[in-house]
Amino acid sequence: MTSAALITFTTALFAVINPFGSTAIFIGMVTGHSAAERRSIAIRASIAVAVILLTSIWAGEYVLRLFDVGIPGLETAGGIMITLIALSMLQNNANPVNDSTDGSSAAPKQDIAIVPLAMPVIAGPGSIVTVIVNTHLYHGVESNLKMSLVSIAIAGIVCVCLLSSKAIAKALGTNGMNILTKFMGMVLLAIAMGMLTEGLKGLLPGLA
């Protein structure tokens with residue numbers, strides 16, 4: 001896996017997971033929880049995100065083979081899925097893939113760390129597709145190790161953001177959060193178009 005490919009993977013995964021956007025969702029979901037509960041939820045959710053991503057890296061392709069799903073089809077579906085995420089970010093709408101329908105009204109005693117916070121709010125289908133597609137493109141233990149390190153690092157960033165959620169929201173303000181989300185949406189949309197193009201070329205070779 002080349003340095004350029006690793007940078008692209010890192011950018012795509014970071015944009016899909018969107019730690020800052022997830023932080024905004026987290027703030028709404030933990031309303032009514034104590035400071036200790038918020039800290040516990042943030043740490044456990046971040047660990048779960050790392051586990052989900054690492055499982056996708058090391059076992060994702062085997063799961064696809066089990067269900068006889070081809071990579072071109074996955075790339076096409078993933079491109080469409082990530083496009084929807086990017087458009088929702090650009091339009092400041094609720095994320096149609098990663099968002100929870102009623103996460104903001106979670107009961108104070110409900111354990112939301114794993115479901116729905118870690119999955120599907122943070123590490124949803126979009127991030128899983130991104131990981132599996134890249135493990136198919138770049139085979140080998142070395143590539144998997146590099147992507148694993150990136151995944152752990154991003155999960156760590158998520159943890160820091162969630163633990164610092166109040167400070168981040170206060171520092172950026174509503175306008176700052178909106179600008180950051182739109183910027184990440186543009187980056188993600190460009191990456192989604194590349195993924196969709198590759199998938200369609202595999203499904204419909206005549207287009208190439």
# chains A, B, ... in the order shown; residues from 1 in each chain; ligands from 1
>>> residues_around(residues="stretch 41-46 of chain A", least_positions_apart="5", cutoff="9 Å", atoms="only C-alpha atoms", output="list in words")
Phe26, Val30, Ala36, Val51, Asp111, Ile112, Ala113, Ile114, Val115, Leu117, Ala118, Met119, Ile122, Ala155, Gly156, Ile157, Val158, Cys159, Val160, Cys161, Leu162 and Leu163 of chain A
>>> write_last_selection(atoms="N, CA and C atoms", output="compact mmCIF listing (two decimals), in the first residue's frame")
# COMPACT_ATOMS: atom_id res chain seq x y z
N PHE A 26 -23.42 13.25 19.48
CA PHE A 26 -23.16 12.74 20.82
C PHE A 26 -23.69 13.71 21.89
N VAL A 30 -26.46 12.47 24.81
CA VAL A 30 -26.12 12.28 26.23
C VAL A 30 -26.75 13.33 27.12
N ALA A 36 -19.81 11.56 34.62
CA ALA A 36 -19.17 10.24 34.66
C ALA A 36 -19.78 9.31 33.61
N VAL A 51 -13.02 -1.68 17.27
CA VAL A 51 -13.28 -3.11 17.06
C VAL A 51 -14.02 -3.35 15.75
N ASP A 111 -28.28 2.44 27.87
CA ASP A 111 -26.89 2.28 27.47
C ASP A 111 -26.80 2.45 25.96
N ILE A 112 -26.30 3.60 25.54
CA ILE A 112 -26.27 3.93 24.11
C ILE A 112 -24.86 3.84 23.53
N ALA A 113 -23.88 3.40 24.32
CA ALA A 113 -22.49 3.43 23.88
C ALA A 113 -22.25 2.59 22.63
N ILE A 114 -22.74 1.35 22.62
CA ILE A 114 -22.49 0.45 21.49
C ILE A 114 -23.52 0.67 20.40
N VAL A 115 -24.78 0.55 20.76
CA VAL A 115 -25.89 0.78 19.84
C VAL A 115 -26.80 1.82 20.47
N LEU A 117 -24.79 4.47 19.27
CA LEU A 117 -23.73 5.45 19.10
C LEU A 117 -22.55 4.93 18.28
N ALA A 118 -21.92 3.83 18.74
CA ALA A 118 -20.78 3.30 18.00
C ALA A 118 -21.20 2.81 16.61
N MET A 119 -22.34 2.10 16.57
CA MET A 119 -22.87 1.61 15.31
C MET A 119 -24.40 1.66 15.37
N ILE A 122 -21.62 6.31 14.47
CA ILE A 122 -20.24 6.67 14.15
C ILE A 122 -19.66 5.73 13.09
N ALA A 155 -10.17 6.14 15.72
CA ALA A 155 -10.99 5.83 16.90
C ALA A 155 -10.51 6.62 18.11
N GLY A 156 -9.20 6.81 18.19
CA GLY A 156 -8.64 7.63 19.26
C GLY A 156 -9.07 9.08 19.14
N ILE A 157 -9.09 9.60 17.90
CA ILE A 157 -9.55 10.97 17.67
C ILE A 157 -11.01 11.11 18.06
N VAL A 158 -11.80 10.09 17.71
CA VAL A 158 -13.21 10.08 18.08
C VAL A 158 -13.35 10.16 19.60
N CYS A 159 -12.53 9.38 20.31
CA CYS A 159 -12.59 9.36 21.77
C CYS A 159 -12.27 10.74 22.35
N VAL A 160 -11.21 11.36 21.82
CA VAL A 160 -10.82 12.68 22.30
C VAL A 160 -11.93 13.70 22.03
N CYS A 161 -12.51 13.63 20.84
CA CYS A 161 -13.59 14.56 20.48
C CYS A 161 -14.81 14.38 21.38
N LEU A 162 -15.18 13.13 21.62
CA LEU A 162 -16.35 12.87 22.46
C LEU A 162 -16.11 13.33 23.90
N LEU A 163 -14.91 13.06 24.39
CA LEU A 163 -14.58 13.48 25.75
C LEU A 163 -14.51 15.00 25.87
>>> residues_around(residues="stretch 70-83 of chain A", least_positions_apart="6", cutoff="9 Å", atoms="only C-alpha atoms", output="PyMOL selection string")
chain A and resi 16+61+64+96-97+125-127+129-130+132-133+136+185+188-203
>>> atom_distance(atom1="atom CA of A:Thr135", atom2="atom CA of A:Leu207")
24.5 Å
>>> atom_distance(atom1="atom CA of A:Val49", atom2="atom CA of A:Val150")
12.3 Å
>>> atom_distance(atom1="atom CA of A:Gln91", atom2="atom CA of A:Thr11")
20.5 Å
>>> residues_around(residues="A:Ile57", least_positions_apart="3", cutoff="7 Å", atoms="only C-alpha atoms", output="list in words")
Leu53, Leu54, Gly60, Val131, Ile132, Thr135 and Asn144 of chain A
>>> write_last_selection(atoms="N, CA and C atoms", output="tab-separated table (two decimals), in the first residue's frame")
chain	number	residue	atom	x	y	z
A	53	LEU	N	-14.07	-1.45	13.03
A	53	LEU	CA	-13.19	-1.18	11.89
A	53	LEU	C	-12.14	-2.28	11.72
A	54	LEU	N	-11.55	-2.73	12.82
A	54	LEU	CA	-10.54	-3.79	12.73
A	54	LEU	C	-11.14	-5.10	12.25
A	60	GLY	N	-13.63	-8.72	6.77
A	60	GLY	CA	-14.68	-8.20	5.90
A	60	GLY	C	-14.83	-8.94	4.59
A	131	VAL	N	-13.67	0.55	4.30
A	131	VAL	CA	-12.60	-0.34	4.77
A	131	VAL	C	-12.51	-1.59	3.90
A	132	ILE	N	-13.64	-2.23	3.65
A	132	ILE	CA	-13.61	-3.49	2.90
A	132	ILE	C	-13.13	-3.29	1.47
A	135	THR	N	-9.38	-2.97	1.59
A	135	THR	CA	-8.68	-4.23	1.86
A	135	THR	C	-8.66	-5.11	0.62
A	144	ASN	N	-2.91	-4.34	5.66
A	144	ASN	CA	-3.90	-4.45	6.73
A	144	ASN	C	-3.42	-3.82	8.02
>>> closest_residue(among="A:Leu90, A:Ile7, A:Thr181, A:Asn175", to="A:Pro19", atoms="only C-alpha atoms")
A:Thr181
